[in-house]
file my_file.txt (compact mmCIF, N, CA and C atoms)
# COMPACT_ATOMS: atom_id res chain seq x y z
N MET A 963 -70.25 48.16 31.71
CA MET A 963 -69.34 48.51 32.79
C MET A 963 -67.98 47.87 32.50
N GLN A 964 -66.95 48.62 32.70
CA GLN A 964 -65.59 48.14 32.56
C GLN A 964 -65.17 47.41 33.85
N ILE A 965 -64.20 46.53 33.73
CA ILE A 965 -63.72 45.80 34.91
C ILE A 965 -63.19 46.78 35.96
N SER A 966 -62.48 47.80 35.51
CA SER A 966 -61.94 48.79 36.47
C SER A 966 -63.06 49.51 37.21
N GLU A 967 -64.18 49.76 36.52
CA GLU A 967 -65.33 50.38 37.18
C GLU A 967 -65.92 49.44 38.23
N ALA A 968 -66.00 48.16 37.90
CA ALA A 968 -66.50 47.18 38.87
C ALA A 968 -65.59 47.16 40.09
N GLN A 969 -64.28 47.18 39.87
CA GLN A 969 -63.36 47.17 41.01
C GLN A 969 -63.56 48.41 41.87
N ALA A 970 -63.76 49.57 41.24
CA ALA A 970 -63.96 50.80 42.00
C ALA A 970 -65.30 50.78 42.75
N LEU A 971 -66.34 50.29 42.12
CA LEU A 971 -67.65 50.22 42.77
C LEU A 971 -67.66 49.28 43.96
N VAL A 972 -67.01 48.14 43.82
CA VAL A 972 -66.93 47.20 44.94
C VAL A 972 -66.14 47.83 46.08
N ASP A 973 -65.03 48.47 45.76
CA ASP A 973 -64.23 49.10 46.80
C ASP A 973 -65.03 50.20 47.51
N GLN A 974 -65.76 50.99 46.74
CA GLN A 974 -66.59 52.04 47.33
C GLN A 974 -67.65 51.43 48.26
N TRP A 975 -68.28 50.34 47.82
CA TRP A 975 -69.29 49.68 48.65
C TRP A 975 -68.66 49.16 49.94
N ILE A 976 -67.50 48.54 49.80
CA ILE A 976 -66.81 48.00 50.99
C ILE A 976 -66.50 49.12 51.97
N GLN A 977 -65.98 50.23 51.48
CA GLN A 977 -65.60 51.34 52.35
C GLN A 977 -66.81 51.99 53.02
N GLN A 978 -67.90 52.13 52.28
CA GLN A 978 -69.06 52.86 52.81
C GLN A 978 -70.04 51.97 53.57
N ILE A 979 -70.25 50.75 53.11
CA ILE A 979 -71.29 49.90 53.70
C ILE A 979 -70.68 48.71 54.44
N GLY A 980 -69.78 48.02 53.79
CA GLY A 980 -69.18 46.83 54.40
C GLY A 980 -68.17 47.16 55.48
N LYS A 981 -67.62 48.36 55.42
CA LYS A 981 -66.66 48.90 56.39
C LYS A 981 -65.25 48.33 56.30
N ARG A 982 -65.10 47.09 55.81
CA ARG A 982 -63.77 46.51 55.65
C ARG A 982 -63.87 45.27 54.77
N TYR A 983 -62.75 44.92 54.18
CA TYR A 983 -62.69 43.67 53.44
C TYR A 983 -62.52 42.52 54.43
N PHE A 984 -63.12 41.37 54.12
CA PHE A 984 -62.78 40.17 54.85
C PHE A 984 -61.33 39.82 54.50
N SER A 985 -60.70 39.01 55.31
CA SER A 985 -59.32 38.61 55.00
C SER A 985 -59.30 37.85 53.68
N PRO A 986 -58.14 37.85 52.99
CA PRO A 986 -58.04 37.08 51.75
C PRO A 986 -58.40 35.60 51.95
N LEU A 987 -58.03 35.05 53.08
CA LEU A 987 -58.35 33.64 53.35
C LEU A 987 -59.86 33.44 53.47
N THR A 988 -60.54 34.34 54.16
CA THR A 988 -61.99 34.26 54.26
C THR A 988 -62.63 34.43 52.89
N ASN A 989 -62.13 35.39 52.11
CA ASN A 989 -62.69 35.58 50.78
C ASN A 989 -62.44 34.36 49.88
N MET A 990 -61.32 33.69 50.05
CA MET A 990 -61.08 32.47 49.28
C MET A 990 -62.08 31.40 49.67
N ALA A 991 -62.38 31.29 50.95
CA ALA A 991 -63.39 30.33 51.40
C ALA A 991 -64.77 30.71 50.84
N LEU A 992 -65.08 32.00 50.83
CA LEU A 992 -66.35 32.44 50.28
C LEU A 992 -66.43 32.17 48.77
N LEU A 993 -65.31 32.33 48.08
CA LEU A 993 -65.27 32.03 46.65
C LEU A 993 -65.56 30.55 46.41
N THR A 994 -64.98 29.71 47.24
CA THR A 994 -65.24 28.27 47.14
C THR A 994 -66.71 27.98 47.42
N GLU A 995 -67.26 28.62 48.43
CA GLU A 995 -68.68 28.44 48.75
C GLU A 995 -69.57 28.85 47.60
N GLU A 996 -69.31 30.02 47.04
CA GLU A 996 -70.14 30.52 45.92
C GLU A 996 -69.99 29.62 44.69
N THR A 997 -68.80 29.12 44.45
CA THR A 997 -68.58 28.20 43.33
C THR A 997 -69.38 26.92 43.53
N GLY A 998 -69.43 26.45 44.75
CA GLY A 998 -70.24 25.27 45.07
C GLY A 998 -71.73 25.52 44.84
N GLU A 999 -72.18 26.72 45.18
CA GLU A 999 -73.59 27.06 44.95
C GLU A 999 -73.90 27.08 43.45
N LEU A 1000 -72.97 27.60 42.65
CA LEU A 1000 -73.15 27.57 41.19
C LEU A 1000 -73.16 26.13 40.69
N ALA A 1001 -72.26 25.32 41.21
CA ALA A 1001 -72.20 23.92 40.80
C ALA A 1001 -73.51 23.20 41.11
N ARG A 1002 -74.10 23.50 42.27
CA ARG A 1002 -75.37 22.89 42.65
C ARG A 1002 -76.46 23.23 41.63
N VAL A 1003 -76.55 24.50 41.25
CA VAL A 1003 -77.57 24.91 40.28
C VAL A 1003 -77.32 24.26 38.92
N ILE A 1004 -76.07 24.25 38.48
CA ILE A 1004 -75.74 23.66 37.18
C ILE A 1004 -76.03 22.16 37.19
N ALA A 1005 -75.65 21.46 38.27
CA ALA A 1005 -75.86 20.02 38.36
C ALA A 1005 -77.34 19.66 38.31
N ARG A 1006 -78.16 20.50 38.94
CA ARG A 1006 -79.59 20.19 38.99
C ARG A 1006 -80.34 20.68 37.75
N THR A 1007 -79.72 21.59 37.01
CA THR A 1007 -80.36 22.11 35.81
C THR A 1007 -79.92 21.36 34.56
N TYR A 1008 -78.61 21.11 34.45
CA TYR A 1008 -78.07 20.49 33.24
C TYR A 1008 -77.52 19.09 33.46
N GLY A 1009 -77.36 18.71 34.70
CA GLY A 1009 -76.77 17.42 35.01
C GLY A 1009 -77.82 16.36 35.31
N ASP A 1010 -77.37 15.30 35.90
CA ASP A 1010 -78.22 14.15 36.17
C ASP A 1010 -78.96 14.23 37.51
N GLN A 1011 -78.55 15.16 38.37
CA GLN A 1011 -79.22 15.27 39.67
C GLN A 1011 -80.59 15.92 39.51
N VAL A 1012 -81.51 15.46 40.31
CA VAL A 1012 -82.85 16.04 40.34
C VAL A 1012 -82.92 17.00 41.52
N ALA A 1013 -83.44 18.17 41.28
CA ALA A 1013 -83.53 19.18 42.34
C ALA A 1013 -84.52 18.75 43.41
N LYS A 1014 -84.12 18.94 44.66
CA LYS A 1014 -85.02 18.74 45.80
C LYS A 1014 -85.77 20.06 46.03
N PRO A 1015 -86.88 20.00 46.74
CA PRO A 1015 -87.58 21.26 47.06
C PRO A 1015 -86.61 22.22 47.76
N GLY A 1016 -86.54 23.43 47.27
CA GLY A 1016 -85.67 24.44 47.85
C GLY A 1016 -84.28 24.52 47.24
N ASP A 1017 -83.90 23.55 46.39
CA ASP A 1017 -82.58 23.57 45.75
C ASP A 1017 -82.42 24.76 44.82
N LEU A 1018 -83.49 25.06 44.11
CA LEU A 1018 -83.47 26.17 43.16
C LEU A 1018 -84.47 27.22 43.62
N ARG A 1019 -84.05 28.47 43.58
CA ARG A 1019 -84.95 29.54 44.01
C ARG A 1019 -86.12 29.68 43.03
N ASN A 1020 -85.82 29.49 41.75
CA ASN A 1020 -86.85 29.62 40.73
C ASN A 1020 -86.71 28.47 39.74
N PRO A 1021 -87.28 27.30 40.07
CA PRO A 1021 -87.11 26.13 39.20
C PRO A 1021 -87.56 26.36 37.76
N ALA A 1022 -88.51 27.26 37.55
CA ALA A 1022 -88.99 27.54 36.20
C ALA A 1022 -87.99 28.35 35.39
N ASN A 1023 -87.07 29.02 36.07
CA ASN A 1023 -86.08 29.84 35.37
C ASN A 1023 -84.73 29.74 36.09
N ALA A 1024 -84.04 28.64 35.87
CA ALA A 1024 -82.74 28.44 36.52
C ALA A 1024 -81.72 29.47 36.08
N LYS A 1025 -81.95 30.11 34.94
CA LYS A 1025 -81.01 31.13 34.46
C LYS A 1025 -80.85 32.25 35.50
N GLU A 1026 -81.90 32.57 36.20
CA GLU A 1026 -81.82 33.59 37.26
C GLU A 1026 -80.89 33.13 38.37
N ASP A 1027 -81.01 31.87 38.79
CA ASP A 1027 -80.14 31.33 39.83
C ASP A 1027 -78.68 31.32 39.36
N ILE A 1028 -78.46 30.91 38.12
CA ILE A 1028 -77.10 30.88 37.57
C ILE A 1028 -76.52 32.28 37.53
N ALA A 1029 -77.32 33.24 37.06
CA ALA A 1029 -76.84 34.63 37.00
C ALA A 1029 -76.48 35.15 38.38
N GLU A 1030 -77.31 34.85 39.37
CA GLU A 1030 -77.04 35.32 40.73
C GLU A 1030 -75.75 34.72 41.28
N GLU A 1031 -75.55 33.42 41.06
CA GLU A 1031 -74.34 32.77 41.58
C GLU A 1031 -73.09 33.27 40.84
N LEU A 1032 -73.18 33.47 39.54
CA LEU A 1032 -72.04 34.02 38.79
C LEU A 1032 -71.69 35.42 39.28
N ALA A 1033 -72.71 36.22 39.55
CA ALA A 1033 -72.48 37.58 40.07
C ALA A 1033 -71.84 37.53 41.45
N ASP A 1034 -72.28 36.59 42.29
CA ASP A 1034 -71.65 36.44 43.61
C ASP A 1034 -70.18 36.05 43.49
N ILE A 1035 -69.89 35.17 42.55
CA ILE A 1035 -68.49 34.76 42.30
C ILE A 1035 -67.68 35.96 41.83
N LEU A 1036 -68.23 36.72 40.90
CA LEU A 1036 -67.52 37.90 40.39
C LEU A 1036 -67.25 38.89 41.52
N TRP A 1037 -68.22 39.08 42.40
CA TRP A 1037 -68.05 39.99 43.53
C TRP A 1037 -66.82 39.59 44.37
N VAL A 1038 -66.75 38.32 44.72
CA VAL A 1038 -65.65 37.86 45.57
C VAL A 1038 -64.31 37.94 44.83
N VAL A 1039 -64.31 37.62 43.53
CA VAL A 1039 -63.08 37.74 42.73
C VAL A 1039 -62.61 39.19 42.72
N VAL A 1040 -63.53 40.11 42.55
CA VAL A 1040 -63.17 41.54 42.56
C VAL A 1040 -62.65 41.94 43.94
N CYS A 1041 -63.27 41.45 45.01
CA CYS A 1041 -62.76 41.74 46.36
C CYS A 1041 -61.32 41.25 46.52
N LEU A 1042 -61.07 40.02 46.10
CA LEU A 1042 -59.72 39.47 46.20
C LEU A 1042 -58.72 40.28 45.39
N ALA A 1043 -59.12 40.68 44.20
CA ALA A 1043 -58.24 41.50 43.37
C ALA A 1043 -57.95 42.84 44.05
N ASN A 1044 -58.98 43.48 44.54
CA ASN A 1044 -58.80 44.78 45.20
C ASN A 1044 -57.87 44.70 46.40
N GLN A 1045 -58.10 43.71 47.24
CA GLN A 1045 -57.33 43.66 48.47
C GLN A 1045 -55.91 43.16 48.26
N THR A 1046 -55.62 42.58 47.10
CA THR A 1046 -54.25 42.14 46.80
C THR A 1046 -53.57 43.03 45.76
N GLY A 1047 -54.24 44.12 45.39
CA GLY A 1047 -53.65 45.09 44.48
C GLY A 1047 -53.55 44.64 43.03
N ILE A 1048 -54.48 43.81 42.59
CA ILE A 1048 -54.46 43.29 41.23
C ILE A 1048 -55.38 44.13 40.35
N ASP A 1049 -54.88 44.58 39.22
CA ASP A 1049 -55.68 45.24 38.20
C ASP A 1049 -56.25 44.13 37.32
N LEU A 1050 -57.53 43.84 37.49
CA LEU A 1050 -58.14 42.72 36.77
C LEU A 1050 -58.16 42.92 35.26
N THR A 1051 -58.24 44.17 34.80
CA THR A 1051 -58.19 44.41 33.36
C THR A 1051 -56.87 43.93 32.80
N SER A 1052 -55.79 44.35 33.41
CA SER A 1052 -54.45 43.93 32.94
C SER A 1052 -54.26 42.43 33.06
N ALA A 1053 -54.73 41.87 34.19
CA ALA A 1053 -54.57 40.44 34.41
C ALA A 1053 -55.37 39.64 33.37
N PHE A 1054 -56.58 40.09 33.07
CA PHE A 1054 -57.41 39.37 32.09
C PHE A 1054 -56.82 39.51 30.68
N GLU A 1055 -56.34 40.70 30.35
CA GLU A 1055 -55.72 40.89 29.04
C GLU A 1055 -54.49 39.99 28.89
N ALA A 1056 -53.69 39.88 29.94
CA ALA A 1056 -52.51 39.00 29.91
C ALA A 1056 -52.93 37.54 29.76
N SER A 1057 -54.00 37.14 30.43
CA SER A 1057 -54.49 35.76 30.34
C SER A 1057 -55.00 35.47 28.93
N LEU A 1058 -55.72 36.40 28.36
CA LEU A 1058 -56.23 36.24 27.00
C LEU A 1058 -55.08 36.13 25.99
N LYS A 1059 -54.07 36.96 26.17
CA LYS A 1059 -52.90 36.91 25.28
C LYS A 1059 -52.20 35.56 25.41
N LYS A 1060 -52.02 35.10 26.64
CA LYS A 1060 -51.36 33.82 26.89
C LYS A 1060 -52.14 32.69 26.21
N LYS A 1061 -53.44 32.67 26.40
CA LYS A 1061 -54.27 31.62 25.82
C LYS A 1061 -54.26 31.69 24.29
N SER A 1062 -54.29 32.91 23.76
CA SER A 1062 -54.30 33.08 22.31
C SER A 1062 -52.99 32.62 21.68
N THR A 1063 -51.89 32.83 22.38
CA THR A 1063 -50.59 32.39 21.88
C THR A 1063 -50.41 30.89 22.06
N ARG A 1064 -50.64 30.42 23.27
CA ARG A 1064 -50.43 29.03 23.60
C ARG A 1064 -51.37 28.09 22.85
N ASP A 1065 -52.61 28.50 22.69
CA ASP A 1065 -53.63 27.60 22.17
C ASP A 1065 -54.07 27.93 20.75
N LYS A 1066 -53.30 28.76 20.04
CA LYS A 1066 -53.76 29.20 18.72
C LYS A 1066 -54.03 28.05 17.76
N ASP A 1067 -53.33 26.94 17.87
CA ASP A 1067 -53.56 25.81 16.98
C ASP A 1067 -54.17 24.60 17.69
N ARG A 1068 -54.47 24.75 18.94
CA ARG A 1068 -54.89 23.62 19.78
C ARG A 1068 -56.24 23.03 19.38
N PHE A 1069 -57.17 23.82 18.94
CA PHE A 1069 -58.53 23.35 18.74
C PHE A 1069 -58.93 23.23 17.27
N LYS A 1070 -57.96 23.10 16.41
CA LYS A 1070 -58.25 22.96 14.97
C LYS A 1070 -58.62 21.56 14.62
call {"tool": "encode", "arguments": {"input": "my_file.txt", "output": "structure tokens"}}
result
Amino acid sequence: MQISEAQALVDQWIQQIGKRYFSPLTNMALLTEETGELARVIARTYGDQVAKPGDLRNPANAKEDIAEELADILWVVVCLANQTGIDLTSAFEASLKKKSTRDKDRFK
């Protein structure tokens, strides 16, 4: 799937099922929440914290939890892009170009 397709699918879902976008401020709060949920899974899987009962949906396969949280983050990022008129393909290409130019000798 292309980024533009993801943006169109999210917009279609919002229009047909969600009925409206949350405000950008609400979506920013949701992005922070989802990032925290990803951090919790990463900290308990790869970090020093020990998971409590219920911390991980599937302790035997944390990859599923990580995938779910990353997808939730992507969803909110796409919502924010859609509602602010950002073409994520162009924005990502510009970011990649910037990083490639700025950091071309940084990690040698």
call {"tool": "select_by_dssp", "arguments": {"input": "my_file.txt", "residues": "chain A", "states": "helix (DSSP H, G or I)", "output": "count of residues only"}}
result
77
call {"tool": "closest_residue", "arguments": {"input": "my_file.txt", "among": "A:Gly1047, A:Asp1010, A:Pro1021, A:Thr994", "to": "Asp973 of chain A", "atoms": "only C-alpha atoms"}}
result
A:Gly1047
call {"tool": "atom_distance", "arguments": {"input": "my_file.txt", "atom1": "atom N of Ala1005 of chain A", "atom2": "atom CA of Val1040 of chain A"}}
result
24.0 Å
call {"tool": "atom_distance", "arguments": {"input": "my_file.txt", "atom1": "atom CA of Arg1006 of chain A", "atom2": "atom CA of Leu993 of chain A"}}
result
20.1 Å
call {"tool": "closest_residue", "arguments": {"input": "my_file.txt", "among": "A:Ile979, A:Ala1001, A:Met990, A:Ala968", "to": "Leu1032 of chain A", "atoms": "only C-alpha atoms"}}
result
A:Ala1001
call {"tool": "residues_around", "arguments": {"input": "my_file.txt", "residues": "Glu996 of chain A", "least_positions_apart": "4", "cutoff": "8 Å", "atoms": "all atoms listed in the file", "output": "PyMOL selection string"}}
result
chain A and resi 990-992+1000-1002+1031-1032+1034-1035
call {"tool": "decode", "arguments": {"input": "my_file.txt", "residues": "segment 974-1067 of chain A", "atoms": "C-alpha atoms", "output": "mmCIF file, in the first residue's frame"}}
result
data_model
loop_
_atom_site.group_PDB
_atom_site.id
_atom_site.type_symbol
_atom_site.label_atom_id
_atom_site.label_comp_id
_atom_site.auth_asym_id
_atom_site.auth_seq_id
_atom_site.Cartn_x
_atom_site.Cartn_y
_atom_site.Cartn_z
ATOM 1 C CA GLN A 974 -12.939 7.185 3.558
ATOM 2 C CA TRP A 975 -13.282 5.377 6.899
ATOM 3 C CA ILE A 976 -13.637 8.674 8.758
ATOM 4 C CA GLN A 977 -16.313 9.916 6.351
ATOM 5 C CA GLN A 978 -18.319 6.678 6.293
ATOM 6 C CA ILE A 979 -17.887 5.226 9.785
ATOM 7 C CA GLY A 980 -16.249 7.762 12.069
ATOM 8 C CA LYS A 981 -18.416 10.576 10.656
ATOM 9 C CA ARG A 982 -15.831 13.280 11.446
ATOM 10 C CA TYR A 983 -12.227 13.828 12.387
ATOM 11 C CA PHE A 984 -11.411 14.613 15.985
ATOM 12 C CA SER A 985 -9.872 18.055 16.377
ATOM 13 C CA PRO A 986 -6.135 18.295 15.666
ATOM 14 C CA LEU A 987 -5.553 18.929 19.369
ATOM 15 C CA THR A 988 -7.463 15.780 20.328
ATOM 16 C CA ASN A 989 -5.579 13.791 17.713
ATOM 17 C CA MET A 990 -2.284 15.118 19.072
ATOM 18 C CA ALA A 991 -3.308 13.919 22.528
ATOM 19 C CA LEU A 992 -4.267 10.543 21.059
ATOM 20 C CA LEU A 993 -0.898 10.346 19.292
ATOM 21 C CA THR A 994 0.816 10.956 22.621
ATOM 22 C CA GLU A 995 -1.350 8.279 24.243
ATOM 23 C CA GLU A 996 -0.589 5.722 21.536
ATOM 24 C CA THR A 997 3.131 6.531 21.713
ATOM 25 C CA GLY A 998 2.999 5.901 25.453
ATOM 26 C CA GLU A 999 1.335 2.541 24.856
ATOM 27 C CA LEU A 1000 4.141 1.604 22.444
ATOM 28 C CA ALA A 1001 6.714 2.753 24.988
ATOM 29 C CA ARG A 1002 5.090 0.535 27.636
ATOM 30 C CA VAL A 1003 5.339 -2.544 25.405
ATOM 31 C CA ILE A 1004 8.932 -1.770 24.390
ATOM 32 C CA ALA A 1005 10.001 -1.081 27.997
ATOM 33 C CA ARG A 1006 8.546 -4.363 29.213
ATOM 34 C CA THR A 1007 9.829 -6.381 26.264
ATOM 35 C CA TYR A 1008 13.307 -4.952 25.679
ATOM 36 C CA GLY A 1009 13.915 -2.801 28.728
ATOM 37 C CA ASP A 1010 14.485 -3.404 32.396
ATOM 38 C CA GLN A 1011 10.844 -3.253 33.485
ATOM 39 C CA VAL A 1012 9.047 -6.490 34.200
ATOM 40 C CA ALA A 1013 5.543 -6.773 32.804
ATOM 41 C CA LYS A 1014 2.684 -6.925 35.295
ATOM 42 C CA PRO A 1015 -0.312 -9.152 34.565
ATOM 43 C CA GLY A 1016 -2.281 -7.448 31.809
ATOM 44 C CA ASP A 1017 0.582 -5.191 30.625
ATOM 45 C CA LEU A 1018 0.995 -7.193 27.449
ATOM 46 C CA ARG A 1019 -1.908 -8.648 25.512
ATOM 47 C CA ASN A 1020 0.224 -11.558 24.349
ATOM 48 C CA PRO A 1021 3.338 -11.952 26.527
ATOM 49 C CA ALA A 1022 4.511 -14.886 24.402
ATOM 50 C CA ASN A 1023 4.550 -12.700 21.290
ATOM 51 C CA ALA A 1024 5.181 -9.044 22.084
ATOM 52 C CA LYS A 1025 5.710 -8.431 18.360
ATOM 53 C CA GLU A 1026 1.922 -8.485 17.958
ATOM 54 C CA ASP A 1027 1.519 -5.791 20.621
ATOM 55 C CA ILE A 1028 4.269 -3.686 19.031
ATOM 56 C CA ALA A 1029 2.689 -4.046 15.586
ATOM 57 C CA GLU A 1030 -0.716 -3.024 16.932
ATOM 58 C CA GLU A 1031 0.648 0.065 18.693
ATOM 59 C CA LEU A 1032 2.701 1.120 15.644
ATOM 60 C CA ALA A 1033 -0.407 0.760 13.474
ATOM 61 C CA ASP A 1034 -2.407 2.871 15.937
ATOM 62 C CA ILE A 1035 0.299 5.551 15.787
ATOM 63 C CA LEU A 1036 0.293 5.459 11.989
ATOM 64 C CA TRP A 1037 -3.504 5.825 11.973
ATOM 65 C CA VAL A 1038 -3.387 8.995 14.075
ATOM 66 C CA VAL A 1039 -0.470 10.427 12.048
ATOM 67 C CA VAL A 1040 -2.481 9.871 8.865
ATOM 68 C CA CYS A 1041 -5.524 11.538 10.466
ATOM 69 C CA LEU A 1042 -3.430 14.567 11.416
ATOM 70 C CA ALA A 1043 -1.978 14.758 7.922
ATOM 71 C CA ASN A 1044 -5.393 14.502 6.290
ATOM 72 C CA GLN A 1045 -7.035 17.123 8.424
ATOM 73 C CA THR A 1046 -4.152 19.583 7.995
ATOM 74 C CA GLY A 1047 -3.818 19.029 4.244
ATOM 75 C CA ILE A 1048 -0.403 17.350 4.333
ATOM 76 C CA ASP A 1049 0.640 14.953 1.566
ATOM 77 C CA LEU A 1050 2.625 12.446 3.613
ATOM 78 C CA THR A 1051 4.388 11.037 0.549
ATOM 79 C CA SER A 1052 5.848 14.436 -0.313
ATOM 80 C CA ALA A 1053 6.605 15.208 3.323
ATOM 81 C CA PHE A 1054 8.394 11.882 3.834
ATOM 82 C CA GLU A 1055 10.362 12.244 0.600
ATOM 83 C CA ALA A 1056 11.463 15.734 1.697
ATOM 84 C CA SER A 1057 12.479 14.392 5.118
ATOM 85 C CA LEU A 1058 14.479 11.565 3.556
ATOM 86 C CA LYS A 1059 16.229 14.004 1.218
ATOM 87 C CA LYS A 1060 17.032 16.329 4.136
ATOM 88 C CA LYS A 1061 18.444 13.487 6.216
ATOM 89 C CA SER A 1062 20.423 12.098 3.281
ATOM 90 C CA THR A 1063 21.995 15.486 2.599
ATOM 91 C CA ARG A 1064 22.545 16.592 6.177
ATOM 92 C CA ASP A 1065 23.748 13.267 7.529
ATOM 93 C CA LYS A 1066 25.570 11.786 4.534
ATOM 94 C CA ASP A 1067 28.901 11.739 6.400
#
